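Enquirer: One file is attached below, model-v5.csv, containing CSV, C-alpha atoms.
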chain,number,residue,atom,x,y,z
A,292,MET,CA,9.2,76.9,44.1
A,293,PRO,CA,6.6,79.7,44.1
A,294,LYS,CA,7.6,80.2,47.8
A,295,PHE,CA,11.2,80.8,46.7
A,296,VAL,CA,10.1,83.3,44.0
A,297,GLU,CA,8.0,85.2,46.6
A,298,LEU,CA,11.0,85.3,49.0
A,299,TRP,CA,13.3,86.5,46.2
A,300,VAL,CA,10.9,89.3,45.2
A,301,TYR,CA,10.8,90.4,48.8
A,302,LEU,CA,14.5,90.2,49.4
A,303,SER,CA,15.5,91.9,46.1
A,304,ALA,CA,13.4,94.9,47.0
A,305,THR,CA,15.0,95.6,50.4
A,306,PRO,CA,18.1,97.7,50.8
A,307,LEU,CA,19.7,94.6,52.4
A,308,PHE,CA,20.0,93.0,49.0
A,309,GLY,CA,22.0,95.7,47.3
A,310,LEU,CA,24.4,96.0,50.2
A,311,THR,CA,24.9,92.3,50.7
A,312,ALA,CA,25.3,91.6,46.9
A,313,THR,CA,27.9,94.4,46.6
A,314,LEU,CA,30.0,93.2,49.5
A,315,ALA,CA,29.7,89.5,48.8
A,316,VAL,CA,30.6,89.8,45.1
A,317,TYR,CA,33.5,92.2,45.9
A,318,VAL,CA,34.9,89.9,48.6
A,319,LEU,CA,34.7,87.0,46.2
A,320,ALA,CA,36.4,89.0,43.4
A,321,GLN,CA,39.1,90.1,45.8
A,322,ALA,CA,39.8,86.5,46.7
A,323,VAL,CA,40.1,85.4,43.1
A,324,TYR,CA,42.3,88.4,42.4
A,325,ALA,CA,44.7,87.4,45.2
A,326,ARG,CA,44.6,83.8,44.0
A,327,LEU,CA,45.7,85.0,40.5
A,328,HIS,CA,48.6,86.9,42.0
A,329,GLN,CA,46.9,90.3,41.4
A,330,ALA,CA,47.0,90.0,37.6
A,331,PRO,CA,45.8,93.4,36.2
A,332,TRP,CA,43.0,91.8,34.1
A,333,ALA,CA,41.6,90.2,37.2
A,334,ASN,CA,40.8,93.6,38.7
A,335,PRO,CA,38.2,93.1,41.5
A,336,VAL,CA,36.2,96.4,40.7
A,337,LEU,CA,35.9,95.4,37.0
A,338,TRP,CA,34.6,91.9,37.7
A,339,THR,CA,32.3,93.1,40.6
A,340,VAL,CA,30.7,95.7,38.4
A,341,LEU,CA,30.3,93.3,35.5
A,342,VAL,CA,28.8,90.5,37.6
A,343,LEU,CA,26.4,92.8,39.5
A,344,ALA,CA,25.3,94.8,36.4
A,345,GLY,CA,24.8,91.5,34.5
A,346,GLY,CA,23.0,89.9,37.4
A,347,LEU,CA,20.7,92.8,37.8
A,348,LEU,CA,19.9,93.0,34.1
A,349,MET,CA,19.2,89.3,33.9
A,350,SER,CA,17.0,89.2,37.1
A,351,GLY,CA,15.2,92.4,36.2
A,352,VAL,CA,16.0,94.2,39.4
A,353,PRO,CA,16.1,98.0,38.6
A,354,TYR,CA,19.2,100.0,39.4
A,355,PRO,CA,17.4,102.3,41.9
A,356,THR,CA,16.4,99.3,43.9
A,357,TYR,CA,20.0,98.0,44.0
A,358,PHE,CA,21.3,101.5,44.8
A,359,ALA,CA,18.9,101.8,47.8
A,360,GLY,CA,21.2,99.3,49.5
A,361,ALA,CA,24.5,100.1,47.7
A,362,GLN,CA,24.2,103.8,48.7
A,363,PHE,CA,25.6,102.9,52.1
A,364,ILE,CA,28.9,102.0,50.4
A,365,HIS,CA,28.6,104.9,48.0
A,366,PHE,CA,28.2,107.3,50.9
A,367,LEU,CA,31.7,106.5,52.2
A,368,LEU,CA,33.3,108.1,49.1
A,369,GLY,CA,32.9,111.5,50.8
A,370,PRO,CA,34.8,110.6,54.0
A,371,ALA,CA,37.3,108.7,51.8
A,372,VAL,CA,38.1,111.9,49.9
A,373,VAL,CA,38.6,113.7,53.2
A,374,ALA,CA,40.8,110.8,54.4
A,375,LEU,CA,43.2,111.5,51.5
A,376,ALA,CA,44.7,114.2,53.7
A,377,TRP,CA,46.3,111.4,55.7
A,378,PRO,CA,48.7,110.0,53.1
A,379,LEU,CA,49.5,113.6,52.1
A,380,TRP,CA,50.4,114.5,55.7
A,381,GLN,CA,52.6,111.5,56.1
A,382,ARG,CA,54.8,112.5,53.2
A,383,ARG,CA,54.8,116.2,53.9
A,384,ALA,CA,58.6,116.4,54.2
A,385,GLU,CA,59.2,114.8,50.8
A,386,LEU,CA,56.4,116.9,49.3
A,387,ARG,CA,57.8,120.2,50.5
A,388,GLN,CA,61.1,119.2,48.8
A,389,ARG,CA,59.6,118.2,45.4
A,390,TRP,CA,56.6,120.4,45.4
A,391,GLY,CA,57.3,122.3,42.2
A,392,ARG,CA,58.1,119.3,40.1
A,393,LEU,CA,55.1,117.3,41.3
A,394,LEU,CA,52.7,120.2,40.8
A,395,LEU,CA,54.0,120.7,37.3
A,396,ALA,CA,53.7,117.0,36.4
A,397,ALA,CA,50.2,116.9,37.8
A,398,LEU,CA,49.2,119.9,35.8
A,399,VAL,CA,50.8,118.7,32.5
A,400,GLY,CA,49.6,115.1,33.0
A,401,GLY,CA,46.1,116.1,34.0
A,402,SER,CA,45.8,118.4,31.0
A,403,ALA,CA,47.0,115.7,28.7
A,404,ALA,CA,44.4,113.3,30.0
A,405,SER,CA,41.4,115.6,29.8
A,406,GLY,CA,42.6,117.6,26.8
A,407,SER,CA,43.1,114.5,24.7
A,408,ALA,CA,39.7,113.2,25.8
A,409,LEU,CA,38.0,116.4,24.7
A,410,LEU,CA,39.8,116.4,21.4
A,411,LEU,CA,39.2,112.7,20.6
A,412,ALA,CA,35.5,112.9,21.7
A,413,TRP,CA,35.1,115.8,19.3
A,414,ALA,CA,37.0,114.0,16.5
A,415,PHE,CA,34.8,110.9,16.9
A,416,GLY,CA,31.6,113.1,16.7
A,417,LEU,CA,30.3,112.4,20.2
A,418,PRO,CA,27.4,114.6,21.4
A,419,LEU,CA,28.4,117.7,23.5
A,420,GLU,CA,26.9,116.3,26.7
A,421,VAL,CA,29.0,113.1,26.4
A,422,MET,CA,32.1,115.2,25.5
A,423,LEU,CA,31.6,117.3,28.6
A,424,SER,CA,31.1,114.2,30.8
A,425,LEU,CA,34.4,112.8,29.5
A,426,VAL,CA,36.5,115.8,30.5
A,427,PRO,CA,36.7,115.1,34.3
A,428,LYS,CA,37.1,111.3,33.9
A,429,SER,CA,40.6,111.3,35.4
A,430,VAL,CA,39.3,112.8,38.6
A,431,THR,CA,38.0,110.5,41.3
A,432,ALA,CA,34.3,109.6,40.7
A,433,PRO,CA,32.5,111.8,43.3
A,434,VAL,CA,34.4,114.9,42.3
A,435,ALA,CA,34.1,114.1,38.6
A,436,MET,CA,30.3,114.1,39.1
A,437,GLY,CA,30.4,117.5,40.7
A,438,ILE,CA,32.6,118.9,38.0
A,439,ALA,CA,30.5,117.4,35.2
A,440,GLU,CA,27.4,119.1,36.7
A,441,LYS,CA,29.2,122.5,36.8
A,442,ILE,CA,30.4,122.3,33.1
A,443,GLY,CA,27.2,120.9,31.6
A,444,GLY,CA,27.9,117.2,31.4
A,445,ILE,CA,25.8,114.3,32.8
A,446,PRO,CA,26.9,113.5,36.4
A,447,ALA,CA,25.9,109.8,36.3
A,448,LEU,CA,27.7,109.3,33.0
A,449,ALA,CA,30.8,111.2,34.2
A,450,ALA,CA,30.9,108.8,37.2
A,451,VAL,CA,30.8,105.7,35.0
A,452,PHE,CA,33.5,107.2,32.7
A,453,ALA,CA,35.6,107.9,35.7
A,454,VAL,CA,35.3,104.3,36.9
A,455,ILE,CA,36.1,102.9,33.4
A,456,THR,CA,39.1,105.3,33.2
A,457,GLY,CA,40.4,104.0,36.6
A,458,LEU,CA,40.1,100.4,35.4
A,459,VAL,CA,41.9,101.1,32.1
A,460,GLY,CA,44.7,102.7,34.1
A,461,ALA,CA,44.9,99.9,36.6
A,462,LEU,CA,44.8,97.3,33.8
A,463,ALA,CA,47.3,98.9,31.3
A,464,GLY,CA,49.6,100.9,33.6
A,465,LYS,CA,52.2,98.2,34.3
A,466,TYR,CA,52.5,97.3,30.6
A,467,LEU,CA,52.8,100.9,29.5
A,468,PHE,CA,55.4,101.8,32.1
A,469,ASP,CA,57.4,98.7,31.3
A,470,ALA,CA,57.3,99.6,27.6
A,471,LEU,CA,58.5,103.2,28.4
A,472,ARG,CA,61.3,101.6,30.4
A,473,ILE,CA,60.4,103.3,33.7
A,474,PRO,CA,62.7,101.6,36.3
A,475,THR,CA,61.5,99.9,39.5
A,476,THR,CA,63.6,102.0,41.8
A,477,HIS,CA,62.3,104.3,44.5
A,478,ASP,CA,62.0,107.1,42.1
A,479,GLY,CA,60.6,104.9,39.3
A,480,TRP,CA,57.9,103.6,41.6
A,481,ALA,CA,57.1,107.1,42.7
A,482,ALA,CA,56.7,108.2,39.1
A,483,ARG,CA,54.6,105.2,38.2
A,484,GLY,CA,52.3,105.7,41.2
A,485,PHE,CA,52.1,109.4,40.6
A,486,ALA,CA,51.1,108.8,36.9
A,487,LEU,CA,48.4,106.2,38.0
A,488,GLY,CA,46.9,108.7,40.6
A,489,THR,CA,46.9,111.5,38.0
A,490,SER,CA,45.4,109.7,35.1
A,491,ALA,CA,43.4,106.8,36.8
A,492,HIS,CA,42.5,108.4,40.3
A,493,GLY,CA,41.3,106.1,43.1
A,494,ILE,CA,41.2,102.8,41.2
A,495,GLY,CA,44.7,103.4,39.8
A,496,ALA,CA,45.8,104.4,43.3
A,497,ALA,CA,44.3,101.2,44.8
A,498,ARG,CA,46.2,99.2,42.2
A,499,ALA,CA,49.4,101.1,43.0
A,500,LEU,CA,49.0,100.5,46.7
A,501,GLN,CA,48.7,96.8,46.2
A,502,VAL,CA,51.9,96.7,44.1
A,503,ASN,CA,54.3,99.0,46.0
A,504,ALA,CA,54.1,101.3,49.0
A,505,ASP,CA,56.0,104.2,47.4
A,506,ALA,CA,53.8,103.9,44.3
A,507,GLY,CA,50.7,103.9,46.5
A,508,ALA,CA,51.7,107.0,48.5
A,509,TYR,CA,52.5,109.0,45.4
A,510,ALA,CA,49.3,107.8,43.7
A,511,GLY,CA,47.3,109.1,46.7
A,512,LEU,CA,49.1,112.4,46.5
A,513,ALA,CA,48.5,112.7,42.7
A,514,LEU,CA,44.9,111.9,43.1
A,515,GLY,CA,44.5,114.6,45.8
A,516,LEU,CA,46.4,117.1,43.6
A,517,GLN,CA,44.2,116.2,40.6
A,518,VAL,CA,41.0,116.8,42.7
A,519,VAL,CA,42.2,120.3,43.7
A,520,LEU,CA,43.5,121.3,40.3
A,521,ALA,CA,40.6,119.9,38.3
A,522,SER,CA,37.9,121.4,40.6
A,523,LEU,CA,39.7,124.8,40.5
A,524,LEU,CA,40.6,124.9,36.7
A,525,MET,CA,38.0,122.9,34.8
A,526,PRO,CA,34.9,125.0,35.5
A,527,PHE,CA,36.8,128.0,34.1
A,528,LEU,CA,38.8,126.5,31.3
A,529,VAL,CA,36.4,124.0,29.7
A,530,PRO,CA,33.7,126.6,28.7
A,531,LEU,CA,36.5,128.7,27.1
A,532,LEU,CA,37.8,125.6,25.2
A,533,ILE,CA,34.3,124.5,24.1
A,534,ARG,CA,33.9,127.8,22.3
A,535,LEU,CA,36.8,126.8,20.0
A,536,PHE,CA,35.0,123.8,18.6
B,134,MET,CA,36.8,103.0,69.5
B,135,LEU,CA,39.7,105.0,68.2
B,136,ALA,CA,38.7,104.1,64.5
B,137,LEU,CA,35.2,105.2,65.3
B,138,ARG,CA,36.4,108.5,66.6
B,139,GLY,CA,38.4,108.8,63.4
B,140,LEU,CA,35.3,108.3,61.3
B,141,ALA,CA,33.5,111.0,63.4
B,142,TRP,CA,36.4,113.4,62.6
B,143,LEU,CA,36.2,112.6,58.9
B,144,LEU,CA,32.5,113.2,58.8
B,145,ALA,CA,32.8,116.4,60.8
B,146,PHE,CA,35.4,117.8,58.4
B,147,GLN,CA,33.3,116.7,55.4
B,148,SER,CA,30.3,118.5,57.0
B,149,VAL,CA,32.3,121.7,57.6
B,150,GLY,CA,33.6,121.4,54.0
B,151,GLU,CA,30.1,121.1,52.6
B,152,LEU,CA,28.9,124.1,54.6
B,153,LEU,CA,31.8,126.2,53.4
B,154,ALA,CA,31.6,125.1,49.8
B,155,ARG,CA,27.8,125.8,49.6
B,156,GLY,CA,27.8,128.9,51.8
B,157,LEU,CA,30.7,130.6,50.1
B,158,ASN,CA,29.9,129.2,46.6
B,159,LEU,CA,33.4,127.7,46.3
B,160,PRO,CA,34.4,125.9,43.1
B,161,PHE,CA,35.5,122.8,45.1
B,162,PRO,CA,33.2,119.9,46.1
B,163,GLY,CA,32.6,119.8,49.9
B,164,PRO,CA,34.8,116.7,50.6
B,165,VAL,CA,37.7,118.4,48.9
B,166,VAL,CA,37.4,121.5,51.2
B,167,GLY,CA,37.1,119.0,54.1
B,168,MET,CA,40.3,117.3,53.0
B,169,LEU,CA,42.2,120.6,52.8
B,170,LEU,CA,41.0,121.6,56.3
B,171,LEU,CA,41.9,118.2,57.7
B,172,LEU,CA,45.4,118.6,56.3
B,173,LEU,CA,45.8,121.7,58.4
B,174,ALA,CA,44.3,120.0,61.5
B,175,LEU,CA,46.5,116.9,61.4
B,176,ARG,CA,49.2,118.7,63.3
B,177,TRP,CA,47.1,118.0,66.5
B,178,GLN,CA,47.5,114.6,68.1
B,179,VAL,CA,43.8,114.4,69.0
B,180,VAL,CA,42.9,114.5,65.4
B,181,ARG,CA,45.9,112.7,64.0
B,182,GLU,CA,45.8,109.4,65.9
B,183,PRO,CA,42.1,108.4,65.3
B,184,VAL,CA,42.0,109.8,61.7
B,185,GLY,CA,45.2,107.9,60.7
B,186,LEU,CA,43.7,104.6,61.9
B,187,CYS,CA,40.3,105.2,60.2
B,188,ALA,CA,41.9,106.6,57.0
B,189,ASP,CA,44.2,103.6,56.6
B,190,PHE,CA,41.2,101.3,56.7
B,191,LEU,CA,39.0,103.4,54.4
B,192,LEU,CA,41.7,103.9,51.8
B,193,SER,CA,42.8,100.3,51.7
B,194,HIS,CA,39.3,99.5,50.5
B,195,LEU,CA,38.9,102.5,48.3
B,196,SER,CA,38.2,100.5,45.1
B,197,LEU,CA,35.1,98.9,46.7
B,198,LEU,CA,33.5,102.4,47.1
B,199,PHE,CA,33.4,102.8,43.3
B,200,VAL,CA,31.3,99.7,42.7
B,201,PRO,CA,27.8,101.2,43.2
B,202,VAL,CA,28.5,104.0,40.7
B,203,GLY,CA,30.1,101.6,38.3
B,204,VAL,CA,27.1,99.3,38.2
B,205,GLY,CA,25.2,102.5,37.1
B,206,VAL,CA,26.5,101.8,33.6
B,207,MET,CA,23.4,99.6,33.2
B,208,THR,CA,21.2,102.6,33.2
B,209,HIS,CA,23.0,104.1,30.2
B,210,LEU,CA,22.7,101.1,27.9
B,211,SER,CA,21.2,103.1,25.0
B,212,LEU,CA,24.1,105.5,25.0
B,213,VAL,CA,26.4,102.5,25.3
B,214,ASN,CA,24.8,100.8,22.3
B,215,GLN,CA,25.0,103.9,20.2
B,216,TYR,CA,28.4,105.3,21.1
B,217,GLY,CA,29.9,102.5,23.2
B,218,LEU,CA,32.9,101.7,21.1
B,219,ARG,CA,33.8,105.3,20.4
B,220,MET,CA,33.5,106.3,24.1
B,221,LEU,CA,35.6,103.3,25.1
B,222,LEU,CA,38.3,104.3,22.6
B,223,VAL,CA,38.3,107.9,23.8
B,224,ILE,CA,38.7,106.7,27.4
B,225,VAL,CA,41.4,104.2,26.7
B,226,LEU,CA,43.5,106.5,24.5
B,227,SER,CA,43.2,109.6,26.7
B,228,THR,CA,44.0,107.5,29.9
B,229,LEU,CA,47.1,106.1,28.2
B,230,ALA,CA,48.1,109.6,27.1
B,231,GLY,CA,47.7,110.9,30.7
B,232,LEU,CA,49.7,108.1,32.1
B,233,ALA,CA,52.5,108.4,29.6
B,234,VAL,CA,52.8,112.2,29.8
B,235,THR,CA,52.8,112.2,33.6
B,236,VAL,CA,55.3,109.4,34.0
B,237,LEU,CA,57.7,110.7,31.3
B,238,CYS,CA,57.4,114.2,32.8
B,239,LEU,CA,58.6,113.0,36.2
B,240,HIS,CA,61.2,110.7,34.7
B,241,TRP,CA,62.5,113.6,32.6
B,242,PHE,CA,62.7,115.9,35.7
B,243,LYS,CA,64.6,113.2,37.5
B,244,SER,CA,67.1,112.6,34.7
B,245,THR,CA,67.8,116.3,34.2
B,246,LYS,CA,68.4,116.7,38.0
B,247,ASP,CA,70.8,113.7,37.9
B,248,ALA,CA,72.6,115.2,34.9
B,249,LEU,CA,72.9,118.5,36.7
B,250,ASN,CA,74.2,116.8,39.8
B,251,ASP,CA,76.8,114.9,37.8
B,252,THR,CA,78.4,118.0,36.2
Take the structure in the file and write it out as structure tokens.

Expert:
Amino acid sequence: MPKFVELWVYLSATPLFGLTATLAVYVLAQAVYARLHQAPWANPVLWTVLVLAGGLLMSGVPYPTYFAGAQFIHFLLGPAVVALAWPLWQRRAELRQRWGRLLLAALVGGSAASGSALLLAWAFGLPLEVMLSLVPKSVTAPVAMGIAEKIGGIPALAAVFAVITGLVGALAGKYLFDALRIPTTHDGWAARGFALGTSAHGIGAARALQVNADAGAYAGLALGLQVVLASLLMPFLVPLLIRLF
Amino acid sequence: MLALRGLAWLLAFQSVGELLARGLNLPFPGPVVGMLLLLLALRWQVVREPVGLCADFLLSHLSLLFVPVGVGVMTHLSLVNQYGLRMLLVIVLSTLAGLAVTVLCLHWFKSTKDALNDT
């Protein structure tokens, strides 16, 4: 038994551990998700995060040790943001046609998501740093971190908020859209996907992609638009808004 | 090999994006600048073919890439203990608001367009 403990101490301290654990738990969660016919509550990111965070806390492995391995996966977020140009390019004809409407919807929807977050956080009496970390939560995590840093929030907290936001969108989207009687036609799927990408970024887009190809494409587009709009507008608008409180 | 060439393109565009963003003090994060540049470059076959293959693979596993950051929630347990419920409530309500406003916005545009076409 002591031999096993020694081996565990060794393994849990190498980058190999964080990387292997992340991939293994995710692959397992993905299989369960497929088994359960992609039920929203069985979201693989949610369960992977819960299992890993719970496991690390219980076994006493510190987060930086885990991240030493997991950073190889984390690193790919950068190229993935660059890769978002691809779904945009593929739908360029449709985009050119509906450009104005989509841009307006992205602007109004994005403002609703971040504006209501700011207002609610203020109403609930959350500290300023937390408020500012909540503002960019509808933008994909790596960009949300950069924006939070620029406007005075805590980058690590903003990233966690962004991930939770994505999960909420992926979990609740279907029920909300059904309640609002959004149809499941081409345009209905496009609107559903676009809303998921706007309010719940990459995790919402991943969910949309699994459900319907049109929804997935529009979610990718919305997430790209949100990235551009938020990084352009938030650093200027948020400091002005904060002065009102 | 083609997918590998795609990854090389993505990293190259990200690098140029980072250089431009830092060098010119742009308000965008580097990868976003890289995305915009790549959008312009996709008209060329040499870029398009490998990038398409690699992007499809990377984006189909997009949700995995959020796991390492998500696990970081364990480092903020004191904040979670103190404000957890309120933070969660803010996130849930504002995310639903964002979803509803966006979807109704597009749906409303569509119905007004249909109504205009009918008359």

Enquirer: Using only C-alpha atoms for the distances, tell me which of A:Ile445, A:Ile533, A:Pro331, A:Val430 is nearest to Gly464 in chain A.

Expert: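 When distances to Gly464 in chain A are compared using only C-alpha atoms, the smallest one comes from A:Pro331.
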
Enquirer: Pull out every residue of chain B that has at least one atom within 8 Å of chain A, counting all atoms listed in the file, and report them as a count of residues only.

Expert: 59

Enquirer: Could you state the separation of CA of Gly346 in chain A and CA of Phe308 in chain A in Å, given to one decimal place?

Expert: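 Straight-line distance from CA of Gly346 in chain A to CA of Phe308 in chain A works out to 12.4 Å.
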
Enquirer: Counting all atoms listed in the file, which of B:Gln215, B:Leu173, B:Gly163, B:Leu135 gets nearest to Val149 in chain B?

Expert: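 Using all atoms listed in the file, Val149 in chain B sits closest to B:Gly163.
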
Enquirer: Have a look at CA of Glu440 in chain A and CA of Ser424 in chain A and let me know their distance in Å, one decimal.

Expert: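 Those two atoms sit 8.5 Å apart.
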
Enquirer: Enter the distance from CA of Thr356 in chain A to CA of Ala304 in chain A, in Å, rounded to one decimal.

Expert: 6.2 Å

Enquirer: Using only C-alpha atoms, which residue out of B:Leu212, B:Leu218, B:Ala136, B:Leu153 lies closest to Leu170 in chain B?

Expert: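 Of B:Leu212, B:Leu218, B:Ala136, B:Leu153, the one nearest Leu170 in chain B, counting only C-alpha atoms, is B:Leu153.
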
Enquirer: Using only C-alpha atoms, pick whichever of A:Leu423, A:Met349, A:Ala320, A:Leu512 has the shortest atom-to-atom distance to Leu532 in chain A.

Expert: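 Smallest distance to Leu532 in chain A is found for A:Leu423.
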